[in-house]
Structure formats: C-alpha cells, structure tokens
Number of protein chains: 2
Amino acid sequence: MSPSQIPLKVRRVPIDTHSENVAFLRRDCPLYQAEGLRALTKIEVSGRRRHLLATLNLIEEPAAEASCPALIGANELGLSTEAFDRLGLEEGCDVTIEPAPPPRSLSAVRQKINGAVLTAQDYQSIVEDISNHRYSRMELAAFLVAAAAFMTTEEVLALTKAMVAVGTRLDWQREVVVDKHCIGGIPGNRTTMVVVPIIAAHGLAMPKTSSRAITSPAGTADTMEVLCNVNLDMAAMRRLIHSESGFLVWGGHMKMAPADDIMISVERPLGIDTQEQMVASILSKKVAAGSTHLLIDIPMGPQAKVKSQVEAVRLRKMFEYVGTALGLTLDIVITDGHQPIGRGIGPVLEARDVMQVLRQEPDRPLDLEEKSIMLAGRILDFDPAVPGGQGQALAREILRDGRALAKMEAIIAAQGAAPEPCQLGSLTRDIYAPADGTVVVIDCAQMNHIARLAGCPMDKGAGIDLFTRVGQVVRKGDLLYRIHACRSADFGFASQAADENIGIGLG
Amino acid sequence: MSPSQIPLKVRRVPIDTHSENVAFLRRDCPLYQAEGLRALTKIEVSGRRRHLLATLNLIEEPAAEASCPALIGANELGLSTEAFDRLGLEEGCDVTIEPAPPPRSLSAVRQKINGAVLTAQDYQSIVEDISNHRYSRMELAAFLVAAAAFMTTEEVLALTKAMVAVGTRLDWQREVVVDKHCIGGIPGNRTTMVVVPIIAAHGLAMPKTSSRAITSPAGTADTMEVLCNVNLDMAAMRRLIHSESGFLVWGGHMKMAPADDIMISVERPLGIDTQEQMVASILSKKVAAGSTHLLIDIPMGPQAKVKSQVEAVRLRKMFEYVGTALGLTLDIVITDGHQPIGRGIGPVLEARDVMQVLRQEPDRPLDLEEKSIMLAGRILDFDPAVPGGQGQALAREILRDGRALAKMEAIIAAQGAAPEPCQLGSLTRDIYAPADGTVVVIDCAQMNHIARLAGCPMDKGAGIDLFTRVGQVVRKGDLLYRIHACRSADFGFASQAADENIGIGLG
C-alpha cells in the first residue's frame with residue numbers, strides 16, 4: 001500500500017477561506033513525511049469517487065500538556081468550510097490524499113505567459129479547471145495577467161464560448177428574449193428600471209438580472225430593492241415572464257457564470273479591466289441568462305470607462321464579432337458619458353428619479369427619460385412586428401400613456417412590494433456654488449466617492465441629490481447638490497470629502 | 001473610538017501557511033461586521049509600533065455545546081506561525097486591525113500589466129513591498145507574469161538594484177572575493193566542489209554559498225553535506241575565509257535576498273523562468289553575498305536551459321550589462337550542455353566523483369576534471385598576480401600536486417566532517433543496452449526524473465551511476481547505468497520509470 005492510499009478521516013474545520021480550498025494536515029500525520037508534503041503544496045483529496053483540489057496548511061502537533069484536543073487529529077484531514085461543502089462528504093468519511101499534479105491546463109497558461117496564441121481547446125481546459133476550483137488565486141492571476149497582455153479576437157471568442165460551456169443556460173421558452181447592458185461607470189444612469197417596464201408592457205420578454213453595487217454607490221438591484229423584493233427563485237422568475245413578460249431581480253445568487261465569478265474575484269483586486277475580458281464576461285453571462293437580443297450601452301467621456309471614439313469603436317467591433325459568433329443579435333449604442341444621468345445618486349434617490357419618469361411627473365429628470373426612451377426604442381426595434389424605425393416613438397407612447405407605470409406596478413406587486421419604503425437619509429448637507437460661473441465638469445468619480453462615504457449602497461437612503469447639469473450658469477451660493485446620510489459618522493466623512501473637493505468644476 | 005481602534009489579543013495559531021501571512025478572526029468578533037471585513041480581505045495588524053499585513057480567514061463561532069474553547073476567542077486575533085514570528089509580539093499583546101489599503105506599489109504593477117516601462121523608483125517600491133510581505137501570492141503572480149511579458153534591460157538593472165537594496169550585503173574584508181554560478185539544468189556537474197579547493201589553495205577568497213536541490217536530484221549543498229556539515233553561522237564562515245580562504249555551505253538560511261526568495265516561491269510553481277528574472281535573481285544574490293568577481297557558466301544544449309547560441313549570447317550580454325552596472329567583474333563562459341558531467345547523479349555518487357578528481361584517482365571522471373580546471377582557470381585569471389592566460393595551467397598544477405585535495409580536507413575538517421559517511425543505496429538495478437548501437441543522446445530530464453524517484457535528494461545514497469557517454473559504441477547487453485535506492489518503494493518507482501523510458505537513445 002503506497003502512503004497515499006492510507007485513509008484519513010475528513011473533518012470540517014470551521015475556517016472560512018472564501019474561494020480558495022484549504023486542507024489542514026497535522027505535521028505529525030504519518031503521511032506528511034512519507035509524501036514529502038510542504039505547506040502550500042496542492043493536494044488532491046479523494047473519497048467515494050469525489051475529488052477536490054486544495055492548498056495544504058500544516059497544523060503543529062499539540063503540546064503534551066494541552067488540555068484540549070488539537071483542531072484535528074493526527075489521522076484526520078481538515079477542510080475549510082467551503083472546501084468541505086464542495087467535497088460533499090459527511091464528517092468522518094475516509095479520504096485519501098496525494099500531491100496534486102498542477103492543473104493540466106497550466107501548461108497552456110505557461111505558453112500564454114510566453115506570448116503564445118492559445119487554441120479553443122486550451123481555453124476550454126483552462127475555464128473547466130477554473131470553474132472546478134482547480135486554480136489557486138496565484139494561478140488565476142498568472143492566467144489573467146498573461147491574457148491581459150494580449151488576446152486575439154479569436155481568443156476572446158474561444159474564452160467566451162468556454163465560459164458559456166461550463167455554466168448553465170436558462171431557457172425562457174420564448175423566441176425573442178431581450179436584454180440590455182451598460183458597461184457602467186456613470187453615476188445615476190438607472191435607465192434599466194424605465195426600460196424594462198416599457199419593453200414588458202409591449203410584450204417582449206425581458207428577464208432582467210442585475211448586479212449589486214461593488215465599487216459604485218448603487219447597482220440596479222440595490223435600487224430596485226428600494227421598491228420591492230429582488231431575490232427570486234427560478235420558479236418565481238418563470239411565473240413573472242409568463243404573467244408580466246419581465247422582472248428586475250438580483251442575479252448574483254444564480255451562479256450562471258461560475259468561471260466568471262471566480263475570475264472577477266481576482267481581476268477586481270488587481271485592477272485588471274481590459275476590453276477583452278469585459279467582452280468575455282458580459283457576453284458569456286448574457287448567453288447563460290438565455291438572451292437572444294442584446295442592446296449594449298457604451299457611455300463615452302473623459303471620466304467614463306471608454307474615453308475616445310477609437311476605443312469605443314474597437315470595443316463595439318469586439319462585442320459584434322464575439323456576440324454574433326455566439327448567436328446573439330446585437331445592437332450597440334455609444335452614449336454621452338460626460339456626466340451623471342438623472343438627479344439622484346444612491347438607491348432611494350435613483351428609485352425616486354425612476355418613478356418620477358414612469359409617473360410622468362412634471363419635475364421628472366428629462367435626461368433619464370430621453371436616454372431610457374432611446375434605449376427602449378432600440379430594443380423594441382428588435383421586434384419583427386414593430387415597423388422599421390418606429391421603436392423610439394412606440395417607447396415614448398408606452399411611457400406617456402401610463403402603460404409603463406402600470407407594468408412597473410404590476411412587476412413590483414408580483415416580486416413582492418417592500419414592506420415599508422426606505423427613507424431618504426435625514427442628515428443633509430447642501431453644497432453651494434463657491435463663485436459665479438458655468439458648470440464645466442461634474443466629476444463622476446468624486447460624486448461616487450462622496451455618495452459611498454455617505455453610506456451607499458449599504459444605507460439605501462444615503463446619496464447625493466444633484467441640482468445642476470454641465471453647461472448650467474450658476475451664481476455664487478446657488479445650490480449644486482445635497483448630501484444625504486443616515487449615520488452621523490458617514491455624514492461627517494462625506495461632508496469632509498465634499499469640502500476638500502466639491503467635484504463640480506466652474507469655468 | 002472607531003472600530004479599528006478596539007484592541008484584540010494576539011494569539012499564535014499553530015497553522016503553517018508558509019510564505020503567506022494569514023490572520024484568523026472569529027465571525028462573532030465585534031470588529032468583523034463593523035469594518036465590513038470578508039474572508040480574504042487584507043488587513044493590517046498593528047501593535048507596539050509593529051505592523052504586519054495578512055490575509056484574513058474567518059473562524060466560525062463554536063457551537064454552544066462545544067466542550068472545548070474555539071481556536072481563538074471572540075476578542076482575539078490569531079496569526080499563522082510564520083506571521084506570528086514576523087510580527088514579533090508576545091501572545092496576549094494588544095493589537096488593532098484595519099482593512100489594509102493595497103500596497104501602494106500595486107499601481108505600478110497595474111501599469112506593468114498594461115505594458116508600461118517602469119521606473120527605478122517603481123521597482124524600488126515594488127521590491128520593498130514584496131520583501132515586507134505586503135504582497136499576496138496573487139499579487140506576486142500578477143507582477144511576475146506582467147514582468148515576464150517584457151522588461152527592458154534598464155528595468156532588469158532597476159529590479160536587480162532594488163533586490164540588492166532590500167537585503168543585507170556581506171563584507172569579507174578582502175579586495176577580491178570570487179564566486180562562480182552555473183545556471184543549471186545539467187545532472188552531475190558538481191564542478192563547484194572541485195573549483196573551490198583549487199581557488200582557495202591558491203589563496204583567493206571564495207566564500208561559496210550553495211542551494212539544495214529543488215527540482216534536481218542534488219544541489220551542491222546536498223552533495224557537500226555527504227562529506228561535512230554545511231550549516232555554518234556567519235562567525236564560522238568568517239573564520240573559514242580567514243583560515244582557509246574558502247568554504248562550501250548551504251546559503252538558504254541566510255536570507256540574504258529576501259525579495260528573491262519570495263518571488264521564487266511563486267515563479268517556480270508557475271514555471272516563470274525568463275532570462276530577465278534569472279539575471280536579476282542571480283546577480284542580486286551574488287552582490288548580497290559580497291562577491292566582487294563572478295564567473296557564470298551557461299551550459300548550452302538541446303536539453304539545457306539555454307538551447308541556442310543566440311539565446312546564450314543574449315543572456316551573456318544581459319549578465320554583462322547588469323553585472324557591470326552593479327560593480328561586479330564578470331566572466332561568462334558558454335559550455336557544452338549536451339549530457340551529464342561526471343558519472344554520478346545523486347549526492348553520494350556526485351561526492352564520490354568529486355573526491356576521485358581531487359584524489360587524482362586513475363578512474364576519475366575526466367569530463368568533470370577538465371571542466372573544473374577550465375572554470376577554476378578562468379577564476380584564477382581574475383587574480384592580478386596571475387600572468388595573463390596562465391590561470392588554467394595553474395589550476396591544473398594545484399589539482400595535480402595535491403594542494404586542492406589538501407585544501408578540501410582542511411575545509412571539510414573546519415566545517416565539521418560528517419560523523420559517519422552516507423552509504424550508497426544498497427538496492428541496485430542495472431540497465432543494459434537494448435541493442436547494438438552508438439549512444440546519441442542521454443536524456444537529462446529523464447535521468448533527473450529516475451534519480452528523484454529513486455529517492456534523491458532526501459536519500460543521499462540514491463541516484464544513478466552512469467557508465468556511458470554520448471558517442472560511445474555499445475553492444476546489446478552492455479551496462480548503461482545502475483540505479484541505487486535506499487527504500488524498496490522508491491526502488492520500484494525508479495525501476496519502473498527506467499523500464500518505460502531508459503533515457504538513453506541509441507542510433
């Protein structure tokens with residue numbers, strides 16, 4: 001019997017190591033010396049035809065006088081909580097371990113590090129290994145940085161296809177399933193919540209799964225949650241598509257793109273944000289979500305993710321090439337990304353803007369309305385039954401005559417209206433123009449920063465209410481924006497940040 | 001008092017996480033929610049003006065019925081063993097924690113990911129952060145892969161200088177301190193153990209610190225350890241330079257190149273092995289070791305690290321440029337890397353070869369002798385007192401007349417002779433020529449593989465004794481090599497590997 005066949009009892013160690021599988025072995029375990037294991041060795045854990053790769057941490061044997069047993073026994077193998085769940089065996093089951101060979105696809109990663117163009121098969125193997133948690137964060141970083149150095153458009157397509165292949169793909173049983181995606185970066189910009197009710201009121205299926213804020217003050221899911229429940233299971237979503245043709249829910253728990261979620265957990269802290277990886281991430285998610293027709297909004301401006309027409313066109317072409325090869329019908333629109341859209345920044349304030357537009361209140365933010373009608377119109381143009389070029393007029397009509405509002409109310413009721421509405425933060429600070437002048441720039445990054453300091457997105461009622469636009473002539477002392485916060489510490493941080501840099505440039 | 005100022009008691013958690021600092025916090029610790037911490041967040045631990053960055057793992061609160069206390073209490077912060085040592089506080093000391101900002105030099109890493117040429121200041125910041133353990137393995141991989149994509153020669157110099165700056169630099173109080181380095185890849189090739197006694201017998205200072213095997217069957221330190229102690233402290237090394245002008249010790253515990261050790265721990269598993277990183281790693285270590293004159297041996301051959309003259313010349317020039325800028329006097333020699341040097345592969349067998357050469361036994365391996373004389377001669381040519389071009393003749397004379405052997409015996413005695421000599425593995429398997437023919441290739445990788453399976457380098461007596469050379473005419477049934485092993489399991493693995501591929505090609 002080789003050392004690796006000596007069984008150990010598996011134990012759940014109550015340590016959360018997040019996305020990385022960690023196994024714990026006692027240094028006095030007979031296997032430790034026999035197999036030449038060291039801390040951070042990758043091992044393969046096997047039992048009952050299940051296998052798991054994990055990084056090994058070594059636990060010292062307890063001192064003889066210790067009053068309590070060690071974390072694990074000398075003939076036990078501990079697994080961190082998520083790793084234990086992933087292996088899926090009961091505590092006390094026999095497992096064997098052996099030093100794991102590096103994931104086979106790592107040889108392709110080494111080639112990529114050395115500048116090679118990889119094949120579709122390489123990407124398939126890499127993405128399978130990633131989605132099966134066979135890569136450490138170190139190995140993920142190596143792959144993602146090497147891929148960030150350069151990828152051909154063919155490689156982007158291969159990566160995207162591989163990411164689709166390892167996930168599940170939703171089927172809404174409708175021939176046309178529309179979706180929209182904005183590549184982000186602009187505060188406010190809550191068009192999705194106006195577009196979905198317009199499209200659903202027309203009768204096209206628009207099952208909208210959105211994200212929560214990660215680096216921004218609010219994601220669409222955070223803002224929709226001001227109005228209603230956004231945690232729906234598949235059955236509820238299917239009912240909503242059947243009854244209302246649309247919904248607006250949080251998609252984060254659906255694990256539709258397992259490889260993408262893992263890759264993003266490394267891309268984000270490293271600040272890897274290439275067009276290639278954006279295209280693969282977005283399109284693989286949309287295909288997994290069952291979309292057939294997709295409108296992509298690329299805001300362009302000096303502070304937006306995309307800063308020039310050249311960049312915007314390159315990104316548009318990459319979306320078109322990869323999306324078309326995946327069988328999606330795409331429309332891509334490059335929009336004005338110079339300043340926030342709407343007046344509110346923060347969930348409650350943004351939800352207010354959206355409802356003002358849907359209710360057609362006289363005081364509604366017209367920039368949000370116009371952008372929403374334009375986007376909804378282009379989506380309606382996907383419908384073969386809509387006469388060419390009539391989408392926008394139709395969208396405007398659906399909004400004007402109250403059908404969009406009625407649809408939104410129906411969706412809110414069906415998703416489960418919020419028991420009591422979130423309140424706007426009651427601590428307020430008004431920021432005034434320091435001089436006469438014309439507003440020449442609204443610094444989106446600083447607006448986001450202040451709103452997050454004020455408590456967004458955790459405090460839904462926190463945020464910024466903007467009372468000015470680029471191009472407006474202001475007099476010294478005119479109100480530029482109002483900060484809302486719910487807690488005094490946050491209020492202090494946000495006020496201080498605004499004092500240091502109000503984020504609005506006058507010329 | 002902000003949450004981050006609430007003190008926790010520091011506890012040593014008996015878990016070895018190797019090079020990565022890991023901190024453990026209970027999920028029910030009041031700080032956990034207040035600070036928005038998540039598993040894998042990087043935190044900064046501070047106490048008594050000491051600071052440490054660590055990756056956070058979360059520990060679940062124990063069940064109410066648990067009979068034993070949890071690994072740590074709710075108001076304690078656990079640290080993995082190495083992290084605890086690095087922080088250097090007593091158990092029970094108060095520490096505070098806060099989410100750590102990413103290392104400031106990561107912005108330079110992001111630029112490198114995007115293809116920028118970094119400044120000397122950037123490399124200085126990066127290497128300082130690395131040597132202070134501020135980088136996770138993920139961040140290290142990102143830097144190293146981005147740097148592997150391309151580096152200018154100026155960047156290699158800047159990286160090397162930064163690596164020197166963060167380490168200590170030994171001073172041997174001698175004007176000329178010589179060293180040699182082989183970039184490796186060839187089995188046997190134990191020239192260092194012949195060269196050092198020749199040079200030291202001549203009187204040049206050669207303080208030789210060597211590595212142990214990592215992926216090969218034996219490092220020079222492993223082989224020297226067959227004969228004597230190789231773990232010397234600084235005081236003992238200084239005495240040896242004074243009394244014998246040379247020594248041969250293991251350098252791994254000296255931590256002369258703290259950044260390099262950390263980088264190598266990521267480069268190795270990822271297979272990052274660029275010329276740029278090799279130059280920075282080797283030269284920074286040699287400068288730290290106090291060398292003034294350095295001979296670099298670049299074996300070239302189809303199975304060596306360097307496969308072509310073009311590659312070899314590029315590497316030579318990079319060594320010259322960076323080494324000269326660092327104030328080193330360099331000589332670089334490109335040698336034949338087609339086959340193993342000497343007969344033995346494995347510590348005991350290689351030590352036998354070395355002693356045969358030093359003792360000038362009739363049966364000694366002449367290829368090892370000739371290469372050693374050539375290398376020693378070029379090092380002797382560094383000595384201003386040696387007439388130009390006379391180094392090699394002088395080296396041969398020192399070896400022939402027994403001065404090299406006497407010096408080796410003196411060094412062995414001074415380092416502390418091994419109490420009892422390691423025995424050659426008594427389990428042997430002879431591998432015979434399967435047919436008549438001429439030896440056209442000896443597969444170095446397969447020889448290394450078989451030797452390691454046989455037990456190298458842990459079992460010093462394991463290995464391969466080679467009885468043939470490339471170009472030799474053999475008859476079917478002639479002895480090609482003998483496998484030695486100490487344990488039957490290893491013996492079986494090595495024999496099986498040789499049966500599958502004997503590693504010697506006949507033509």
# chains A, B, ... in the order shown; residues from 1 in each chain; ligands from 1
>>> interface_residues(of="chain B", to="chain A", cutoff="6 Å", atoms="only C-alpha atoms", output="ChimeraX atom specification")
/B:14-18,39,57-60,137-138,141-142,145
>>> write_last_selection(atoms="N, CA, C and O atoms", output="JSON list (two decimals), in the first residue's frame")
[["chain", "number", "residue", "atom", "x", "y", "z"],
["B", 14, "PRO", "N", -1.43, 27.52, 15.60],
["B", 14, "PRO", "CA", -0.38, 26.58, 15.16],
["B", 14, "PRO", "C", -0.61, 26.05, 13.75],
["B", 14, "PRO", "O", -0.62, 24.85, 13.52],
["B", 15, "ILE", "N", -0.81, 26.94, 12.80],
["B", 15, "ILE", "CA", -1.01, 26.54, 11.41],
["B", 15, "ILE", "C", 0.08, 27.19, 10.57],
["B", 15, "ILE", "O", 0.30, 28.40, 10.66],
["B", 16, "ASP", "N", 0.75, 26.35, 9.78],
["B", 16, "ASP", "CA", 1.84, 26.81, 8.94],
["B", 16, "ASP", "C", 1.29, 27.11, 7.56],
["B", 16, "ASP", "O", 0.88, 26.21, 6.84],
["B", 17, "THR", "N", 1.25, 28.37, 7.18],
["B", 17, "THR", "CA", 0.74, 28.76, 5.86],
["B", 17, "THR", "C", 1.89, 29.23, 4.97],
["B", 17, "THR", "O", 1.68, 29.94, 4.01],
["B", 18, "HIS", "N", 3.10, 28.83, 5.37],
["B", 18, "HIS", "CA", 4.30, 29.08, 4.57],
["B", 18, "HIS", "C", 4.50, 30.57, 4.33],
["B", 18, "HIS", "O", 4.40, 31.35, 5.27],
["B", 39, "ALA", "N", -13.75, 37.23, 4.31],
["B", 39, "ALA", "CA", -12.63, 36.29, 4.17],
["B", 39, "ALA", "C", -11.80, 36.74, 2.97],
["B", 39, "ALA", "O", -12.35, 37.16, 1.95],
["B", 57, "ASN", "N", -8.67, 35.03, 7.35],
["B", 57, "ASN", "CA", -9.56, 33.88, 7.31],
["B", 57, "ASN", "C", -10.53, 34.01, 8.48],
["B", 57, "ASN", "O", -10.13, 34.46, 9.56],
["B", 58, "LEU", "N", -11.77, 33.63, 8.27],
["B", 58, "LEU", "CA", -12.77, 33.80, 9.32],
["B", 58, "LEU", "C", -13.05, 32.47, 9.99],
["B", 58, "LEU", "O", -13.17, 31.44, 9.34],
["B", 59, "ILE", "N", -13.15, 32.50, 11.30],
["B", 59, "ILE", "CA", -13.42, 31.29, 12.07],
["B", 59, "ILE", "C", -14.84, 31.38, 12.60],
["B", 59, "ILE", "O", -15.25, 32.42, 13.15],
["B", 60, "GLU", "N", -15.58, 30.33, 12.43],
["B", 60, "GLU", "CA", -16.96, 30.33, 12.93],
["B", 60, "GLU", "C", -16.97, 30.28, 14.45],
["B", 60, "GLU", "O", -16.09, 29.69, 15.07],
["B", 137, "ARG", "N", 0.21, 36.12, -2.72],
["B", 137, "ARG", "CA", 0.73, 35.33, -3.83],
["B", 137, "ARG", "C", 0.04, 35.69, -5.14],
["B", 137, "ARG", "O", 0.65, 35.65, -6.20],
["B", 138, "MET", "N", -1.23, 36.06, -5.05],
["B", 138, "MET", "CA", -1.95, 36.52, -6.24],
["B", 138, "MET", "C", -1.30, 37.78, -6.81],
["B", 138, "MET", "O", -1.08, 37.90, -8.01],
["B", 141, "ALA", "N", 2.08, 36.97, -8.34],
["B", 141, "ALA", "CA", 1.94, 36.35, -9.65],
["B", 141, "ALA", "C", 1.64, 37.42, -10.69],
["B", 141, "ALA", "O", 2.18, 37.40, -11.80],
["B", 142, "ALA", "N", 0.78, 38.37, -10.34],
["B", 142, "ALA", "CA", 0.43, 39.43, -11.30],
["B", 142, "ALA", "C", 1.68, 40.21, -11.69],
["B", 142, "ALA", "O", 1.93, 40.47, -12.88],
["B", 145, "VAL", "N", 4.22, 37.80, -13.75],
["B", 145, "VAL", "CA", 3.77, 37.48, -15.11],
["B", 145, "VAL", "C", 3.81, 38.73, -15.99],
["B", 145, "VAL", "O", 4.23, 38.67, -17.15]]
>>> residues_around(residues="Gly388 in chain B", least_positions_apart="5", cutoff="12 Å", atoms="only C-alpha atoms", output="list in words")
Gly377, Arg378, Ile379, Leu380, Asp381, Phe382, Asp383, Ala393 and Leu394 of chain B
>>> atom_distance(atom1="CA of Ala205 in chain A", atom2="CA of Ser245 in chain A")
4.6 Å
>>> select_by_dssp(residues="range 362-503 of chain A", states="helix (DSSP H, G or I)", output="ChimeraX atom specification")
/A:366-380,391-400,403-415,444-453,488-500
>>> residues_around(residues="range 331-345 of chain B", least_positions_apart="5", cutoff="7 Å", atoms="only C-alpha atoms", output="number ranges by chain")
B: 186-189, 217, 294-304, 316, 350, 353, 365, 367-368, 442, 444, 451, 463-467
>>> atom_distance(atom1="CA of Val156 in chain B", atom2="CA of His253 in chain B")
25.5 Å
>>> select_by_dssp(residues="range 249-330 of chain A", states="strand (DSSP E or B)", output="PyMOL selection string")
chain A and resi 249-250+293-300+306+329-330
>>> residues_around(residues="Ala433 in chain B", least_positions_apart="6", cutoff="9 Å", atoms="only C-alpha atoms", output="ChimeraX atom specification")
/B:474-480,504,506
>>> closest_residue(among="B:Ile411, B:Cys182, B:Leu53, B:Ala257", to="Ser131 in chain B", atoms="only C-alpha atoms")
B:Ala257
>>> residues_around(residues="range 405-410 of chain B", least_positions_apart="6", cutoff="10 Å", atoms="only C-alpha atoms", output="mmCIF file with C-alpha atoms, in the first residue's frame")
data_model
loop_
_atom_site.group_PDB
_atom_site.id
_atom_site.type_symbol
_atom_site.label_atom_id
_atom_site.label_comp_id
_atom_site.auth_asym_id
_atom_site.auth_seq_id
_atom_site.Cartn_x
_atom_site.Cartn_y
_atom_site.Cartn_z
ATOM 1 C CA MET B 193 33.322 21.248 -5.227
ATOM 2 C CA VAL B 194 36.483 20.874 -7.323
ATOM 3 C CA VAL B 196 36.553 25.946 -4.593
ATOM 4 C CA PRO B 197 39.508 23.970 -3.175
ATOM 5 C CA ILE B 198 41.673 24.886 -6.195
ATOM 6 C CA ILE B 199 40.886 28.605 -5.791
ATOM 7 C CA ALA B 200 41.201 28.569 -2.010
ATOM 8 C CA ALA B 201 44.501 26.673 -2.251
ATOM 9 C CA HIS B 202 45.756 29.473 -4.464
ATOM 10 C CA LEU B 227 31.174 14.947 3.417
ATOM 11 C CA LEU B 240 36.932 29.842 7.435
ATOM 12 C CA SER B 243 41.926 30.320 7.826
ATOM 13 C CA GLU B 244 41.186 28.525 4.543
ATOM 14 C CA SER B 245 40.151 31.266 2.081
ATOM 15 C CA GLY B 246 37.068 29.259 1.198
ATOM 16 C CA PHE B 247 34.129 27.157 2.258
ATOM 17 C CA LEU B 248 31.131 25.365 0.767
ATOM 18 C CA MET B 355 36.774 13.124 -4.435
ATOM 19 C CA GLN B 356 38.057 10.887 -7.239
ATOM 20 C CA VAL B 357 39.063 14.003 -9.140
ATOM 21 C CA LEU B 358 40.615 15.690 -6.104
ATOM 22 C CA ARG B 359 42.483 12.475 -5.236
ATOM 23 C CA GLN B 360 43.516 12.131 -8.892
ATOM 24 C CA ILE B 398 47.156 22.897 -7.987
ATOM 25 C CA LEU B 399 44.948 19.886 -8.661
ATOM 26 C CA GLY B 416 32.950 19.594 10.653
ATOM 27 C CA ALA B 417 33.330 16.238 8.915
#
>>> residues_around(residues="Ala165 in chain A", least_positions_apart="3", cutoff="9 Å", atoms="only C-alpha atoms", output="mmCIF file with all heavy atoms, in the first residue's frame")
data_model
loop_
_atom_site.group_PDB
_atom_site.id
_atom_site.type_symbol
_atom_site.label_atom_id
_atom_site.label_comp_id
_atom_site.auth_asym_id
_atom_site.auth_seq_id
_atom_site.Cartn_x
_atom_site.Cartn_y
_atom_site.Cartn_z
ATOM 1 N N GLN A 124 -10.912 26.026 -23.362
ATOM 2 C CA GLN A 124 -11.887 25.120 -22.766
ATOM 3 C C GLN A 124 -11.297 24.445 -21.520
ATOM 4 O O GLN A 124 -11.939 24.396 -20.469
ATOM 5 C CB GLN A 124 -12.312 24.081 -23.820
ATOM 6 C CG GLN A 124 -13.451 23.195 -23.391
ATOM 7 C CD GLN A 124 -14.731 23.991 -23.152
ATOM 8 O OE1 GLN A 124 -15.014 24.969 -23.854
ATOM 9 N NE2 GLN A 124 -15.501 23.610 -22.143
ATOM 10 N N VAL A 127 -10.792 27.055 -18.617
ATOM 11 C CA VAL A 127 -12.027 27.503 -17.973
ATOM 12 C C VAL A 127 -12.672 26.359 -17.180
ATOM 13 O O VAL A 127 -13.214 26.571 -16.097
ATOM 14 C CB VAL A 127 -12.988 28.109 -19.022
ATOM 15 C CG1 VAL A 127 -14.353 28.367 -18.424
ATOM 16 C CG2 VAL A 127 -12.402 29.398 -19.579
ATOM 17 N N GLU A 128 -12.551 25.144 -17.689
ATOM 18 C CA GLU A 128 -13.061 23.995 -16.919
ATOM 19 C C GLU A 128 -12.306 23.852 -15.599
ATOM 20 O O GLU A 128 -12.914 23.645 -14.547
ATOM 21 C CB GLU A 128 -12.912 22.695 -17.722
ATOM 22 C CG GLU A 128 -14.083 22.451 -18.656
ATOM 23 C CD GLU A 128 -13.838 21.238 -19.545
ATOM 24 O OE1 GLU A 128 -12.939 20.425 -19.228
ATOM 25 O OE2 GLU A 128 -14.534 21.121 -20.565
ATOM 26 N N THR A 160 -14.871 33.151 -24.339
ATOM 27 C CA THR A 160 -16.298 33.370 -24.059
ATOM 28 C C THR A 160 -17.083 32.069 -24.227
ATOM 29 O O THR A 160 -17.922 31.717 -23.389
ATOM 30 C CB THR A 160 -16.857 34.455 -24.991
ATOM 31 O OG1 THR A 160 -15.971 35.571 -25.004
ATOM 32 C CG2 THR A 160 -18.239 34.909 -24.531
ATOM 33 N N LYS A 161 -16.812 31.357 -25.309
ATOM 34 C CA LYS A 161 -17.515 30.084 -25.547
ATOM 35 C C LYS A 161 -17.241 29.098 -24.411
ATOM 36 O O LYS A 161 -18.135 28.381 -23.962
ATOM 37 C CB LYS A 161 -17.053 29.465 -26.874
ATOM 38 C CG LYS A 161 -17.741 30.067 -28.083
ATOM 39 C CD LYS A 161 -17.320 29.315 -29.347
ATOM 40 C CE LYS A 161 -18.151 29.740 -30.538
ATOM 41 N NZ LYS A 161 -17.582 29.246 -31.812
ATOM 42 N N ALA A 162 -15.991 29.071 -23.957
ATOM 43 C CA ALA A 162 -15.642 28.157 -22.870
ATOM 44 C C ALA A 162 -16.383 28.542 -21.597
ATOM 45 O O ALA A 162 -16.855 27.675 -20.853
ATOM 46 C CB ALA A 162 -14.129 28.179 -22.642
ATOM 47 N N THR A 168 -24.656 27.010 -16.685
ATOM 48 C CA THR A 168 -25.971 26.554 -17.127
ATOM 49 C C THR A 168 -26.541 27.641 -18.026
ATOM 50 O O THR A 168 -26.139 28.799 -17.965
ATOM 51 C CB THR A 168 -26.909 26.382 -15.931
ATOM 52 O OG1 THR A 168 -26.863 27.579 -15.149
ATOM 53 C CG2 THR A 168 -26.478 25.215 -15.074
ATOM 54 N N ARG A 169 -27.474 27.264 -18.894
ATOM 55 C CA ARG A 169 -28.065 28.253 -19.788
ATOM 56 C C ARG A 169 -29.569 28.241 -19.568
ATOM 57 O O ARG A 169 -30.224 27.205 -19.721
ATOM 58 C CB ARG A 169 -27.717 27.890 -21.227
ATOM 59 C CG ARG A 169 -28.207 28.927 -22.194
ATOM 60 C CD ARG A 169 -27.537 28.766 -23.550
ATOM 61 N NE ARG A 169 -28.080 29.739 -24.468
ATOM 62 C CZ ARG A 169 -27.579 30.009 -25.666
ATOM 63 N NH1 ARG A 169 -26.517 29.348 -26.070
ATOM 64 N NH2 ARG A 169 -28.128 30.899 -26.439
ATOM 65 N N SER A 284 -20.725 36.153 -22.054
ATOM 66 C CA SER A 284 -20.973 34.806 -21.521
ATOM 67 C C SER A 284 -22.143 34.826 -20.533
ATOM 68 O O SER A 284 -22.961 33.899 -20.510
ATOM 69 C CB SER A 284 -19.708 34.245 -20.854
ATOM 70 O OG SER A 284 -19.342 35.004 -19.716
ATOM 71 N N ALA A 288 -25.704 32.874 -21.007
ATOM 72 C CA ALA A 288 -26.149 31.986 -19.925
ATOM 73 C C ALA A 288 -27.533 32.380 -19.436
ATOM 74 O O ALA A 288 -28.341 31.527 -19.037
ATOM 75 C CB ALA A 288 -25.146 32.030 -18.772
#
>>> residues_around(residues="Phe84 in chain A", least_positions_apart="5", cutoff="10 Å", atoms="only C-alpha atoms", output="PyMOL selection string")
chain A and resi 10-14+21-23+52+78-79+89-91
>>> atom_distance(atom1="CA of Val310 in chain A", atom2="CA of Ile183 in chain A")
16.3 Å
